[in-house]
Amino acid sequence: MQKIVRKKQLNPEISLIEFEAKDLAIAANPGQFVILRVNETGERFPLTIYDFNCEKGTVTVVCQAIGVSTKKLCALNEGDSILDVVGPLGHATKVKNIGKVICIGGGVGTAEAYPIAKAMQREGNDVEVIIGSRIKDLIICEQEIREFCDKVYVTTDDGSHGRKGFVTDVLRELLQKDTYDMVFAIGPLIMMKMVCEMTKARSIRTLVSLNSIMIDGTGMCGGCRIQYSGEAKFTCVDGPEFDGHLVDFNDVMLRQERYKSKEKSALDHYEKQCRIGLK
Ligand SMILES: Cc1cc2nc3c(=O)[nH]c(=O)nc-3n(C[C@H](O)[C@H](O)[C@H](O)COP(=O)(O)OP(=O)(O)OC[C@H]3O[C@@H](n4cnc5c(N)ncnc54)[C@H](O)[C@@H]3O)c2cc1C
Ligand code: FES
């Protein structure tokens, strides 16, 4: 049982949850994730490690309540416990000094981009961060990112905060003005796909963190399988971070959309808008 020591509602959909997990905190690195089960009847589901504190022996996750299990977790409060947490899982981000880096977070992906951007900045890279969401109330972690980075660009689809448009609009402008050594993109699949199309045209190495549907998280069930440079890979054990230029995004999206057909038209709209911008 992992006791929750802090809960903060970041916006109506997203909660930050810090829980006791000493061994996990000691072993954790940016880019890794955990698999949790809230209670005996709950399903196991993955969440990125947002932060970890070895002295306090705690791990923090940021969770968007979108379905059965994430809603159960977000309904817990300080003092409640999570039944079990497995991790750290997946390969950690290789944090090196490579020069000029852009980190992009879309929606709850901002919480996943945050530890990577912070670690890259600490390593001496010149980091710029682009974050975006549909509306102002859904922007998360902006202040936390501004604490270590002074080049933060915010976009909202409706212009209610920051610039009106998509993160890819800002990326396009940055790439036209300057040269970069690496791009990290974490967010909706369609966002990562569009980012990769832009950076591929300029041969800028681009890493993405995939949020495939996971079941066992051990490489056994095949649930998180992706097509990567013509080969099958498993997000849980081979990722979650991959070279975005080698990911077959259409295949990943097709698998994801089997479970979320209602969102298809919204994704099609996003892709159409981005493509208009690409021309
Ligand atoms: C490595 C990894 C790291 C992740 N990190 C985070 C994180 O830090 N914060 C966070 O909020 N979420 C994260 N996710 C996504 C999270 O695991 C899913 O939102 C969660 O599994 C949904 O479970 P549920 O029971 O609440 O939803 P369900 O009731 O199973 O599904 C509800 C809806 O969500 C969709 N859905 C289910 N799983 C996923 C998924 N993996 N990606 C996108 N949509 C999904 C379903 O298709 C359906 O439309 C991560 C996923 C992976 C693979
Ligand atoms: S979740 Fe089963 S193989 Fe990755």
# chains A, B, ... in the order shown; residues from 1 in each chain; ligands from 1
>>> residues_near_ligand(ligand="ligand 2", cutoff="9 Å", atoms="only C-alpha atoms and all ligand atoms", output="ChimeraX atom specification")
/A:212-225,233-238
>>> closest_atom_pairs(of="chain A", to="ligand 1", cutoff="6 Å", atoms="only C-alpha atoms and all ligand atoms", output="Markdown table")
| residue | atom | partner | partner_atom_place_in_ligand_line | distance |
| --- | --- | --- | --- | --- |
| A:Phe33 | CA | ligand 1 | 1 (C) | 5.8 |
| A:Phe45 | CA | ligand 1 | 21 (O) | 4.5 |
| A:Pro46 | CA | ligand 1 | 17 (O) | 4.2 |
| A:Leu47 | CA | ligand 1 | 5 (N) | 3.5 |
| A:Thr48 | CA | ligand 1 | 8 (O) | 3.8 |
| A:Val62 | CA | ligand 1 | 9 (N) | 5.2 |
| A:Cys63 | CA | ligand 1 | 11 (O) | 3.5 |
| A:Gln64 | CA | ligand 1 | 11 (O) | 3.7 |
| A:Ile66 | CA | ligand 1 | 26 (O) | 5.1 |
| A:Gly67 | CA | ligand 1 | 26 (O) | 3.2 |
| A:Val68 | CA | ligand 1 | 25 (O) | 4.2 |
| A:Ser69 | CA | ligand 1 | 25 (O) | 3.7 |
| A:Thr70 | CA | ligand 1 | 26 (O) | 3.6 |
| A:Lys71 | CA | ligand 1 | 26 (O) | 5.9 |
| A:Val108 | CA | ligand 1 | 11 (O) | 5.8 |
| A:Glu112 | CA | ligand 1 | 8 (O) | 5.6 |
| A:Asn211 | CA | ligand 1 | 53 (C) | 3.5 |
| A:Ser212 | CA | ligand 1 | 53 (C) | 4.4 |
| A:Ile213 | CA | ligand 1 | 41 (N) | 4.0 |
| A:Met214 | CA | ligand 1 | 53 (C) | 5.8 |
| A:Pro240 | CA | ligand 1 | 1 (C) | 5.3 |
| A:Tyr259 | CA | ligand 1 | 47 (O) | 4.0 |
| A:Lys260 | CA | ligand 1 | 49 (O) | 4.1 |
>>> atom_distance(atom1="atom CA of Met253 of chain A", atom2="atom CA of Ala117 of chain A")
25.5 Å
>>> closest_residue(among="A:Ala111, A:Val195, A:Val5, A:Met120", to="Glu144 of chain A", atoms="only C-alpha atoms")
A:Ala111
>>> select_by_dssp(residues="segment 45-257 of chain A", states="strand (DSSP E)", output="JSON, numbers by chain")
{"A": [45, 46, 47, 48, 51, 52, 53, 58, 59, 60, 61, 62, 63, 64, 81, 82, 84, 85, 86, 87, 88, 89, 100, 101, 102, 103, 104, 105, 106, 126, 127, 128, 129, 130, 131, 132, 133, 152, 153, 154, 155, 156, 163, 164, 182, 183, 184, 185, 186, 205, 206, 207, 208, 209, 225, 226, 227, 228, 231, 232, 233, 234, 241, 242, 243]}
>>> atom_distance(atom1="atom CA of Ile35 of chain A", atom2="atom CA of Met194 of chain A")
28.2 Å
>>> select_by_dssp(residues="segment 149-207 of chain A", states="helix (DSSP H, G or I)", output="list in words")
Val167, Thr168, Asp169, Val170, Leu171, Arg172, Glu173, Leu174, Leu175, Gln176, Lys177, Leu189, Ile190, Met191, Met192, Lys193, Met194, Val195, Cys196, Glu197, Met198, Thr199 and Lys200 of chain A
>>> write_last_selection(atoms="N, CA and C atoms", output="mmCIF file, in the first residue's frame")
data_model
loop_
_atom_site.group_PDB
_atom_site.id
_atom_site.type_symbol
_atom_site.label_atom_id
_atom_site.label_comp_id
_atom_site.auth_asym_id
_atom_site.auth_seq_id
_atom_site.Cartn_x
_atom_site.Cartn_y
_atom_site.Cartn_z
ATOM 1 N N VAL A 167 0.929 23.890 -30.650
ATOM 2 C CA VAL A 167 2.362 23.910 -30.337
ATOM 3 C C VAL A 167 3.198 23.853 -31.621
ATOM 4 N N THR A 168 2.652 23.199 -32.634
ATOM 5 C CA THR A 168 3.382 23.071 -33.898
ATOM 6 C C THR A 168 3.530 24.418 -34.621
ATOM 7 N N ASP A 169 2.626 25.363 -34.335
ATOM 8 C CA ASP A 169 2.770 26.707 -34.935
ATOM 9 C C ASP A 169 4.036 27.377 -34.406
ATOM 10 N N VAL A 170 4.246 27.257 -33.085
ATOM 11 C CA VAL A 170 5.445 27.864 -32.479
ATOM 12 C C VAL A 170 6.686 27.119 -32.959
ATOM 13 N N LEU A 171 6.593 25.791 -32.992
ATOM 14 C CA LEU A 171 7.747 24.994 -33.433
ATOM 15 C C LEU A 171 8.184 25.422 -34.832
ATOM 16 N N ARG A 172 7.200 25.578 -35.726
ATOM 17 C CA ARG A 172 7.522 25.960 -37.115
ATOM 18 C C ARG A 172 8.332 27.250 -37.135
ATOM 19 N N GLU A 173 7.895 28.225 -36.330
ATOM 20 C CA GLU A 173 8.598 29.519 -36.311
ATOM 21 C C GLU A 173 10.002 29.397 -35.725
ATOM 22 N N LEU A 174 10.130 28.632 -34.654
ATOM 23 C CA LEU A 174 11.457 28.467 -34.048
ATOM 24 C C LEU A 174 12.410 27.808 -35.036
ATOM 25 N N LEU A 175 11.920 26.798 -35.749
ATOM 26 C CA LEU A 175 12.784 26.074 -36.690
ATOM 27 C C LEU A 175 13.179 26.949 -37.880
ATOM 28 N N GLN A 176 12.311 27.910 -38.203
ATOM 29 C CA GLN A 176 12.644 28.814 -39.322
ATOM 30 C C GLN A 176 13.722 29.818 -38.916
ATOM 31 N N LYS A 177 13.749 30.161 -37.601
ATOM 32 C CA LYS A 177 14.661 31.216 -37.136
ATOM 33 C C LYS A 177 16.017 30.709 -36.679
ATOM 34 N N LEU A 189 -0.922 11.605 -29.832
ATOM 35 C CA LEU A 189 -0.188 10.977 -30.939
ATOM 36 C C LEU A 189 -0.116 11.876 -32.164
ATOM 37 N N ILE A 190 -1.251 12.521 -32.460
ATOM 38 C CA ILE A 190 -1.276 13.345 -33.671
ATOM 39 C C ILE A 190 -0.309 14.526 -33.553
ATOM 40 N N MET A 191 -0.174 15.064 -32.332
ATOM 41 C CA MET A 191 0.780 16.163 -32.118
ATOM 42 C C MET A 191 2.206 15.664 -32.359
ATOM 43 N N MET A 192 2.520 14.489 -31.806
ATOM 44 C CA MET A 192 3.880 13.963 -31.961
ATOM 45 C C MET A 192 4.166 13.645 -33.430
ATOM 46 N N LYS A 193 3.140 13.150 -34.118
ATOM 47 C CA LYS A 193 3.315 12.837 -35.543
ATOM 48 C C LYS A 193 3.647 14.109 -36.344
ATOM 49 N N MET A 194 2.894 15.180 -36.075
ATOM 50 C CA MET A 194 3.115 16.427 -36.825
ATOM 51 C C MET A 194 4.479 17.038 -36.500
ATOM 52 N N VAL A 195 4.869 16.956 -35.220
ATOM 53 C CA VAL A 195 6.197 17.458 -34.823
ATOM 54 C C VAL A 195 7.273 16.701 -35.606
ATOM 55 N N CYS A 196 7.115 15.374 -35.667
ATOM 56 C CA CYS A 196 8.125 14.550 -36.344
ATOM 57 C C CYS A 196 8.203 14.860 -37.838
ATOM 58 N N GLU A 197 7.070 15.150 -38.449
ATOM 59 C CA GLU A 197 7.106 15.505 -39.880
ATOM 60 C C GLU A 197 7.920 16.785 -40.085
ATOM 61 N N MET A 198 7.740 17.745 -39.167
ATOM 62 C CA MET A 198 8.465 19.024 -39.294
ATOM 63 C C MET A 198 9.961 18.839 -39.070
ATOM 64 N N THR A 199 10.323 18.062 -38.059
ATOM 65 C CA THR A 199 11.746 17.937 -37.721
ATOM 66 C C THR A 199 12.468 17.000 -38.686
ATOM 67 N N LYS A 200 11.733 16.043 -39.235
ATOM 68 C CA LYS A 200 12.359 15.112 -40.191
ATOM 69 C C LYS A 200 12.838 15.883 -41.426
#
